[in-house]
$ cat target_27.pdb   # PDB, C-alpha atoms
ATOM      1  CA  MET P  96      19.824  49.852 -95.369  1.00  0.00           C
ATOM      2  CA  THR P  97      17.283  47.085 -95.294  1.00  0.00           C
ATOM      3  CA  GLN P  98      20.025  44.619 -94.457  1.00  0.00           C
ATOM      4  CA  LYS P  99      21.074  46.764 -91.505  1.00  0.00           C
ATOM      5  CA  ILE P 100      17.518  46.894 -90.198  1.00  0.00           C
ATOM      6  CA  LYS P 101      17.227  43.135 -90.423  1.00  0.00           C
ATOM      7  CA  GLU P 102      20.473  42.664 -88.574  1.00  0.00           C
ATOM      8  CA  ASP P 103      19.310  45.049 -85.882  1.00  0.00           C
ATOM      9  CA  GLN P 104      16.022  43.206 -85.610  1.00  0.00           C
ATOM     10  CA  ALA P 105      17.805  39.864 -85.390  1.00  0.00           C
ATOM     11  CA  GLU P 106      20.122  41.215 -82.732  1.00  0.00           C
ATOM     12  CA  ALA P 107      17.174  42.623 -80.782  1.00  0.00           C
ATOM     13  CA  GLU P 108      15.355  39.311 -81.021  1.00  0.00           C
ATOM     14  CA  ALA P 109      18.456  37.473 -79.847  1.00  0.00           C
ATOM     15  CA  THR P 110      18.800  39.846 -76.906  1.00  0.00           C
ATOM     16  CA  GLN P 111      15.139  39.444 -76.098  1.00  0.00           C
ATOM     17  CA  THR P 112      15.512  35.685 -76.283  1.00  0.00           C
ATOM     18  CA  GLU P 113      18.486  35.781 -73.929  1.00  0.00           C
ATOM     19  CA  ASP P 114      16.548  38.014 -71.552  1.00  0.00           C
ATOM     20  CA  ASN P 115      13.615  35.663 -71.701  1.00  0.00           C
ATOM     21  CA  LEU P 116      15.859  32.684 -71.061  1.00  0.00           C
ATOM     22  CA  SER P 117      17.580  34.447 -68.183  1.00  0.00           C
ATOM     23  CA  SER P 118      14.246  35.477 -66.699  1.00  0.00           C
ATOM     24  CA  ALA P 119      12.905  31.971 -67.064  1.00  0.00           C
ATOM     25  CA  SER P 120      16.037  30.579 -65.407  1.00  0.00           C
ATOM     26  CA  GLU P 121      15.706  32.998 -62.521  1.00  0.00           C
ATOM     27  CA  GLN P 122      12.040  32.133 -62.139  1.00  0.00           C
ATOM     28  CA  GLN P 123      12.881  28.439 -62.168  1.00  0.00           C
ATOM     29  CA  ALA P 124      15.564  28.987 -59.531  1.00  0.00           C
ATOM     30  CA  GLU P 125      13.148  30.969 -57.402  1.00  0.00           C
ATOM     31  CA  SER P 126      10.545  28.253 -57.847  1.00  0.00           C
ATOM     32  CA  ASN P 127      13.078  25.597 -56.849  1.00  0.00           C
ATOM     33  CA  GLN P 128      14.055  27.608 -53.785  1.00  0.00           C
ATOM     34  CA  THR P 129      10.385  28.013 -52.873  1.00  0.00           C
ATOM     35  CA  ASP P 130       9.804  24.293 -53.317  1.00  0.00           C
ATOM     36  CA  ALA P 131      12.859  23.543 -51.199  1.00  0.00           C
ATOM     37  CA  LYS P 132      11.618  25.878 -48.466  1.00  0.00           C
ATOM     38  CA  ASP P 133       8.207  24.243 -48.634  1.00  0.00           C
ATOM     39  CA  ASP P 134       9.811  20.806 -48.314  1.00  0.00           C
ATOM     40  CA  VAL P 135      11.850  21.937 -45.298  1.00  0.00           C
ATOM     41  CA  GLN P 136       8.781  23.483 -43.657  1.00  0.00           C
ATOM     42  CA  GLN P 137       6.741  20.354 -44.314  1.00  0.00           C
ATOM     43  CA  ALA P 138       9.514  18.171 -42.874  1.00  0.00           C
ATOM     44  CA  GLU P 139       9.768  20.412 -39.793  1.00  0.00           C
ATOM     45  CA  ALA P 140       5.993  20.364 -39.387  1.00  0.00           C
ATOM     46  CA  ALA P 141       5.934  16.575 -39.681  1.00  0.00           C
ATOM     47  CA  GLU P 142       8.762  16.277 -37.133  1.00  0.00           C
ATOM     48  CA  HIS P 143       6.966  18.656 -34.769  1.00  0.00           C
ATOM     49  CA  GLU P 144       3.769  16.667 -35.175  1.00  0.00           C
ATOM     50  CA  ASP P 145       5.644  13.430 -34.389  1.00  0.00           C
ATOM     51  CA  GLU P 146       7.115  15.025 -31.255  1.00  0.00           C
ATOM     52  CA  GLN P 147       3.658  16.175 -30.160  1.00  0.00           C
ATOM     53  CA  GLN P 148       2.298  12.670 -30.687  1.00  0.00           C
ATOM     54  CA  GLU P 149       5.152  11.179 -28.643  1.00  0.00           C
ATOM     55  CA  ASP P 150       4.510  13.717 -25.862  1.00  0.00           C
ATOM     56  CA  LEU P 151       0.806  12.913 -25.872  1.00  0.00           C
ATOM     57  CA  LYS P 152       1.605   9.203 -25.812  1.00  0.00           C
ATOM     58  CA  ASP P 153       3.959   9.659 -22.850  1.00  0.00           C
ATOM     59  CA  GLN P 154       1.362  11.745 -21.011  1.00  0.00           C
ATOM     60  CA  LEU P 155      -1.304   9.114 -21.660  1.00  0.00           C
ATOM     61  CA  LEU P 156       0.952   6.312 -20.411  1.00  0.00           C
ATOM     62  CA  ARG P 157       1.779   8.306 -17.266  1.00  0.00           C
ATOM     63  CA  VAL P 158      -1.906   8.984 -16.599  1.00  0.00           C
ATOM     64  CA  LEU P 159      -2.744   5.302 -17.108  1.00  0.00           C
ATOM     65  CA  ALA P 160       0.069   4.259 -14.761  1.00  0.00           C
ATOM     66  CA  GLU P 161      -1.033   6.772 -12.108  1.00  0.00           C
ATOM     67  CA  ASN P 162      -4.629   5.579 -12.384  1.00  0.00           C
ATOM     68  CA  GLU P 163      -3.526   1.954 -12.006  1.00  0.00           C
ATOM     69  CA  ASN P 164      -1.424   2.822  -8.939  1.00  0.00           C
ATOM     70  CA  LEU P 165      -4.350   4.767  -7.479  1.00  0.00           C
ATOM     71  CA  ARG P 166      -6.691   1.821  -8.108  1.00  0.00           C
ATOM     72  CA  LYS P 167      -4.327  -0.620  -6.385  1.00  0.00           C
ATOM     73  CA  ARG P 168      -3.733   1.756  -3.476  1.00  0.00           C
ATOM     74  CA  THR P 169      -7.484   2.281  -3.070  1.00  0.00           C
ATOM     75  CA  GLN P 170      -8.054  -1.479  -3.084  1.00  0.00           C
ATOM     76  CA  ARG P 171      -5.354  -1.941  -0.420  1.00  0.00           C
ATOM     77  CA  ASP P 172      -6.838   0.838   1.713  1.00  0.00           C
ATOM     78  CA  LEU P 173     -10.336  -0.612   1.421  1.00  0.00           C
ATOM     79  CA  ALA P 174      -9.084  -4.100   2.281  1.00  0.00           C
ATOM     80  CA  ALA P 175      -7.173  -2.741   5.300  1.00  0.00           C
ATOM     81  CA  ALA P 176     -10.184  -0.705   6.426  1.00  0.00           C
ATOM     82  CA  LYS P 177     -12.391  -3.785   6.183  1.00  0.00           C
ATOM     83  CA  LYS P 178      -9.842  -5.986   7.932  1.00  0.00           C
ATOM     84  CA  TYR P 179      -8.790  -3.617  10.715  1.00  0.00           C
ATOM     85  CA  GLY P 180     -11.774  -1.270  10.907  1.00  0.00           C
ATOM     86  CA  ALA P 181     -12.759  -2.575  14.353  1.00  0.00           C
ATOM     87  CA  LEU P 182      -9.268  -2.076  15.811  1.00  0.00           C
ATOM     88  CA  GLY P 183     -10.120   0.912  18.005  1.00  0.00           C
ATOM     89  CA  LEU P 184     -13.402  -0.579  19.217  1.00  0.00           C
ATOM     90  CA  ALA P 185     -11.746  -3.906  20.013  1.00  0.00           C
ATOM     91  CA  ARG P 186      -9.035  -2.196  22.074  1.00  0.00           C
ATOM     92  CA  ASP P 187     -11.638  -0.227  24.017  1.00  0.00           C
ATOM     93  CA  LEU P 188     -13.529  -3.427  24.816  1.00  0.00           C
ATOM     94  CA  LEU P 189     -10.552  -5.323  26.232  1.00  0.00           C
ATOM     95  CA  SER P 190     -10.919  -3.971  29.778  1.00  0.00           C
ATOM     96  CA  SER P 191     -14.607  -4.916  29.805  1.00  0.00           C
ATOM     97  CA  ILE P 192     -13.706  -8.387  28.511  1.00  0.00           C
ATOM     98  CA  ASP P 193     -11.118  -8.750  31.297  1.00  0.00           C
ATOM     99  CA  ASN P 194     -13.682  -7.766  33.939  1.00  0.00           C
ATOM    100  CA  LEU P 195     -16.256 -10.178  32.574  1.00  0.00           C
ATOM    101  CA  GLU P 196     -13.756 -13.039  32.474  1.00  0.00           C
ATOM    102  CA  SER P 197     -12.655 -12.276  36.041  1.00  0.00           C
ATOM    103  CA  ALA P 198     -16.282 -12.372  37.162  1.00  0.00           C
ATOM    104  CA  ILE P 199     -16.902 -15.668  35.368  1.00  0.00           C
ATOM    105  CA  ALA P 200     -13.784 -17.173  36.953  1.00  0.00           C
ATOM    106  CA  LEU P 201     -15.298 -16.512  40.409  1.00  0.00           C
ATOM    107  CA  ILE P 202     -18.580 -18.265  39.643  1.00  0.00           C
ATOM    108  CA  PRO P 203     -18.700 -21.656  41.394  1.00  0.00           C
ATOM    109  CA  GLU P 204     -19.446 -24.709  39.282  1.00  0.00           C
ATOM    110  CA  GLU P 205     -22.020 -26.045  41.720  1.00  0.00           C
ATOM    111  CA  LYS P 206     -25.074 -23.760  41.827  1.00  0.00           C
ATOM    112  CA  ALA P 207     -27.765 -26.164  43.051  1.00  0.00           C
ATOM    113  CA  ASP P 208     -27.952 -24.685  46.544  1.00  0.00           C
ATOM    114  CA  MET P 209     -27.989 -21.079  45.353  1.00  0.00           C
ATOM    115  CA  ASP P 210     -30.948 -18.734  45.361  1.00  0.00           C
ATOM    116  CA  GLU P 211     -32.831 -19.172  42.074  1.00  0.00           C
ATOM    117  CA  THR P 212     -32.508 -15.510  41.106  1.00  0.00           C
ATOM    118  CA  LEU P 213     -28.778 -15.413  41.802  1.00  0.00           C
ATOM    119  CA  LYS P 214     -28.288 -18.705  39.993  1.00  0.00           C
ATOM    120  CA  ASN P 215     -30.061 -17.375  36.884  1.00  0.00           C
ATOM    121  CA  ILE P 216     -27.945 -14.215  36.965  1.00  0.00           C
ATOM    122  CA  LEU P 217     -24.733 -16.235  37.115  1.00  0.00           C
ATOM    123  CA  ILE P 218     -25.895 -18.533  34.338  1.00  0.00           C
ATOM    124  CA  GLY P 219     -26.684 -15.452  32.258  1.00  0.00           C
ATOM    125  CA  VAL P 220     -23.178 -14.075  32.893  1.00  0.00           C
ATOM    126  CA  GLU P 221     -21.645 -17.364  31.775  1.00  0.00           C
ATOM    127  CA  MET P 222     -23.768 -17.389  28.622  1.00  0.00           C
ATOM    128  CA  THR P 223     -22.723 -13.805  27.908  1.00  0.00           C
ATOM    129  CA  GLY P 224     -19.076 -14.851  28.246  1.00  0.00           C
ATOM    130  CA  ARG P 225     -19.521 -17.739  25.802  1.00  0.00           C
ATOM    131  CA  GLU P 226     -21.331 -15.506  23.324  1.00  0.00           C
ATOM    132  CA  LEU P 227     -18.576 -12.899  23.627  1.00  0.00           C
ATOM    133  CA  VAL P 228     -15.919 -15.520  22.841  1.00  0.00           C
ATOM    134  CA  SER P 229     -17.919 -16.549  19.756  1.00  0.00           C
ATOM    135  CA  VAL P 230     -18.180 -12.935  18.600  1.00  0.00           C
ATOM    136  CA  LEU P 231     -14.450 -12.364  19.048  1.00  0.00           C
ATOM    137  CA  GLU P 232     -13.631 -15.489  17.050  1.00  0.00           C
ATOM    138  CA  ARG P 233     -16.054 -14.472  14.312  1.00  0.00           C
ATOM    139  CA  HIS P 234     -14.215 -11.165  13.939  1.00  0.00           C
ATOM    140  CA  GLN P 235     -10.784 -12.840  14.000  1.00  0.00           C
ATOM    141  CA  ILE P 236      -9.882 -11.501  17.454  1.00  0.00           C
ATOM    142  CA  SER P 237      -7.696 -14.089  19.156  1.00  0.00           C
ATOM    143  CA  LYS P 238      -6.482 -14.314  22.735  1.00  0.00           C
ATOM    144  CA  ILE P 239      -2.757 -14.668  23.476  1.00  0.00           C
ATOM    145  CA  MET P 240      -2.125 -17.124  26.317  1.00  0.00           C
ATOM    146  CA  PRO P 241       1.576 -17.967  25.925  1.00  0.00           C
ATOM    147  CA  GLU P 242       2.293 -19.891  29.140  1.00  0.00           C
ATOM    148  CA  GLY P 243       4.992 -22.479  28.444  1.00  0.00           C
ATOM    149  CA  GLU P 244       6.074 -20.718  25.246  1.00  0.00           C
ATOM    150  CA  LYS P 245       9.300 -18.858  24.543  1.00  0.00           C
ATOM    151  CA  PHE P 246       9.096 -15.145  25.296  1.00  0.00           C
ATOM    152  CA  ASP P 247       8.366 -13.114  22.142  1.00  0.00           C
ATOM    153  CA  TYR P 248       8.744  -9.359  22.502  1.00  0.00           C
ATOM    154  CA  ASN P 249       6.437  -8.890  19.493  1.00  0.00           C
ATOM    155  CA  PHE P 250       3.451 -10.244  21.430  1.00  0.00           C
ATOM    156  CA  HIS P 251       4.522 -10.393  25.084  1.00  0.00           C
ATOM    157  CA  GLN P 252       5.433  -7.817  27.707  1.00  0.00           C
ATOM    158  CA  ALA P 253       7.597  -9.034  30.605  1.00  0.00           C
ATOM    159  CA  MET P 254       6.262  -7.955  33.997  1.00  0.00           C
ATOM    160  CA  PHE P 255       8.764  -9.882  36.130  1.00  0.00           C
ATOM    161  CA  GLU P 256      11.403 -12.604  36.012  1.00  0.00           C
ATOM    162  CA  GLY P 257      10.838 -15.817  37.942  1.00  0.00           C
ATOM    163  CA  PRO P 258      13.917 -17.820  39.008  1.00  0.00           C
ATOM    164  CA  THR P 259      13.487 -21.505  38.139  1.00  0.00           C
ATOM    165  CA  ASP P 260      15.561 -24.395  36.870  1.00  0.00           C
ATOM    166  CA  ASP P 261      12.531 -26.370  35.693  1.00  0.00           C
ATOM    167  CA  VAL P 262      12.376 -24.636  32.287  1.00  0.00           C
ATOM    168  CA  PRO P 263      14.979 -22.966  30.063  1.00  0.00           C
ATOM    169  CA  GLN P 264      15.722 -19.292  30.495  1.00  0.00           C
ATOM    170  CA  GLY P 265      13.404 -16.923  28.627  1.00  0.00           C
ATOM    171  CA  MET P 266      10.249 -19.054  28.816  1.00  0.00           C
ATOM    172  CA  VAL P 267       6.854 -17.674  29.843  1.00  0.00           C
ATOM    173  CA  VAL P 268       6.072 -19.155  33.255  1.00  0.00           C
ATOM    174  CA  GLN P 269       2.967 -17.122  34.095  1.00  0.00           C
ATOM    175  CA  VAL P 270       0.384 -15.029  32.232  1.00  0.00           C
ATOM    176  CA  VAL P 271      -0.640 -12.077  34.365  1.00  0.00           C
ATOM    177  CA  GLN P 272      -3.002 -10.691  31.734  1.00  0.00           C
ATOM    178  CA  PRO P 273      -3.828 -12.242  28.332  1.00  0.00           C
ATOM    179  CA  GLY P 274      -3.064 -10.395  25.155  1.00  0.00           C
ATOM    180  CA  TYR P 275      -5.155 -10.083  21.994  1.00  0.00           C
ATOM    181  CA  VAL P 276      -4.549  -9.830  18.248  1.00  0.00           C
ATOM    182  CA  LEU P 277      -6.902  -8.745  15.454  1.00  0.00           C
ATOM    183  CA  HIS P 278      -5.954 -10.890  12.478  1.00  0.00           C
ATOM    184  CA  ASP P 279      -2.167 -10.355  12.549  1.00  0.00           C
ATOM    185  CA  ARG P 280      -2.188  -6.951  14.274  1.00  0.00           C
ATOM    186  CA  LEU P 281      -1.495  -6.682  17.983  1.00  0.00           C
ATOM    187  CA  LEU P 282      -4.280  -5.225  20.095  1.00  0.00           C
ATOM    188  CA  ARG P 283      -2.551  -5.706  23.438  1.00  0.00           C
ATOM    189  CA  PRO P 284       0.550  -7.671  24.435  1.00  0.00           C
ATOM    190  CA  ALA P 285       0.213 -10.449  26.963  1.00  0.00           C
ATOM    191  CA  MET P 286       1.585  -9.404  30.361  1.00  0.00           C
ATOM    192  CA  VAL P 287       3.816 -12.288  31.446  1.00  0.00           C
ATOM    193  CA  GLY P 288       6.422 -13.554  33.880  1.00  0.00           C
ATOM    194  CA  VAL P 289       9.614 -14.880  32.297  1.00  0.00           C
ATOM    195  CA  SER P 290      11.913 -17.581  33.599  1.00  0.00           C
ATOM    196  CA  LYS P 291      15.498 -16.987  34.625  1.00  0.00           C
ATOM    197  CA  PRO P 292      18.039 -19.358  36.199  1.00  0.00           C
ATOM    198  CA  THR P 293      18.219 -19.600  39.962  1.00  0.00           C
ATOM    199  CA  ASP P 294      21.445 -18.627  41.697  1.00  0.00           C
ATOM    200  CA  GLY P 295      22.182 -22.316  42.173  1.00  0.00           C
ATOM    201  CA  GLY P 296      21.487 -22.996  38.516  1.00  0.00           C
ATOM    202  CA  SER P 297      23.742 -20.136  37.457  1.00  0.00           C
ATOM    203  CA  SER P 298      26.531 -21.454  39.699  1.00  0.00           C
ATOM    204  CA  GLN P 299      26.186 -24.946  38.268  1.00  0.00           C
ATOM    205  CA  GLU P 300      26.313 -23.611  34.713  1.00  0.00           C
ATOM    206  CA  GLN P 301      29.474 -21.681  35.543  1.00  0.00           C
TER
END

$ encode --input "target_27.pdb" --output "structure tokens"
Amino acid sequence: MTQKIKEDQAEAEATQTEDNLSSASEQQAESNQTDAKDDVQQAEAAEHEDEQQEDLKDQLLRVLAENENLRKRTQRDLAAAKKYGALGLARDLLSSIDNLESAIALIPEEKADMDETLKNILIGVEMTGRELVSVLERHQISKIMPEGEKFDYNFHQAMFEGPTDDVPQGMVVQVVQPGYVLHDRLLRPAMVGVSKPTDGGSSQEQ
């Protein structure tokens, strides 16, 4: 009887040991699965963090590039505004400049016999004309007087054609009205007459 009890106890202990081993194995497997899940989650989190950093880096580079483009564009606009800011005013003054130059052209060189008051007025007009020329040059406003030059549609406007065999065809033979440029920008084209062959010249060429 005692032997039977011992055998039963041994069998129960063996069963208990197997159960304990099985439970421990299951716990270990669960722990391994949990660790594996944690590793996967950590890897995904790290990958997501890397993607966020790359996105932030791209956004920063785009912002820096846009700021640089804006800075350059602003500098160009400021330079253009400084260079051509007087464009409208200069164009509005051209008619007054023409009138003043026409008046100066009519002033006789010899003024000794003139009334003193009139002479002083004319001298003042001439001085004003010289000062105006100085101001225009100081602001890079240049006159276009292309007589004897080849016609250039960028700076000249043909008012008529003059038949002549003295110069090649397409040359400026007369300036009706001078043109003006501000730096390299046209304010007004020069109004000109352009040469063309005479009928006799055309016949000889043919």

$ closest_residue --input "target_27.pdb" --among "P:Val287, P:Leu201, P:Leu281, P:Val267" --to "Lys245 of chain P" --atoms "only C-alpha atoms"
P:Val267

$ residues_around --input "target_27.pdb" --residues "segment 189-196 of chain P" --least-positions-apart "2" --cutoff "12 Å" --atoms "all atoms listed in the file" --output "number ranges by chain"
P: 182-187, 198-202, 217, 219-228, 230-231, 236-238, 271-277, 282-285

$ closest_atom_pairs --input "target_27.pdb" --of "segment 186-285 of chain P" --to "segment 175-180 of chain P" --cutoff "10 Å" --atoms "only C-alpha atoms" --output "CSV"
residue,atom,partner,partner_atom,distance
P:His234,CA,P:Lys178,CA,9.1
P:Gln235,CA,P:Lys178,CA,9.2
P:Leu277,CA,P:Tyr179,CA,7.2
P:His278,CA,P:Lys178,CA,7.7
P:Asp279,CA,P:Tyr179,CA,9.6
P:Arg280,CA,P:Tyr179,CA,8.2

$ atom_distance --input "target_27.pdb" --atom1 "atom CA of Leu156 of chain P" --atom2 "atom CA of Ala140 of chain P"
24.1 Å

$ resolve_selection --input "target_27.pdb" --expression "the PyMOL selection byres ((chain P and resi 257) around 7)" --output "list in words"
Phe255, Glu256, Pro258, Thr259, Gly288, Val289, Ser290 and Lys291 of chain P

$ residues_around --input "target_27.pdb" --residues "Glu244 of chain P" --least-positions-apart "5" --cutoff "9 Å" --atoms "only C-alpha atoms" --output "list in words"
Gly265, Met266, Val267 and Val268 of chain P

$ atom_distance --input "target_27.pdb" --atom1 "atom CA of Arg233 of chain P" --atom2 "atom CA of Ala181 of chain P"
12.3 Å

$ atom_distance --input "target_27.pdb" --atom1 "atom CA of Glu161 of chain P" --atom2 "atom CA of His143 of chain P"
26.8 Å

$ closest_residue --input "target_27.pdb" --among "P:Gln269, P:Gln264, P:Ser229, P:Gln136" --to "Gln252 of chain P" --atoms "all atoms listed in the file"
P:Gln269
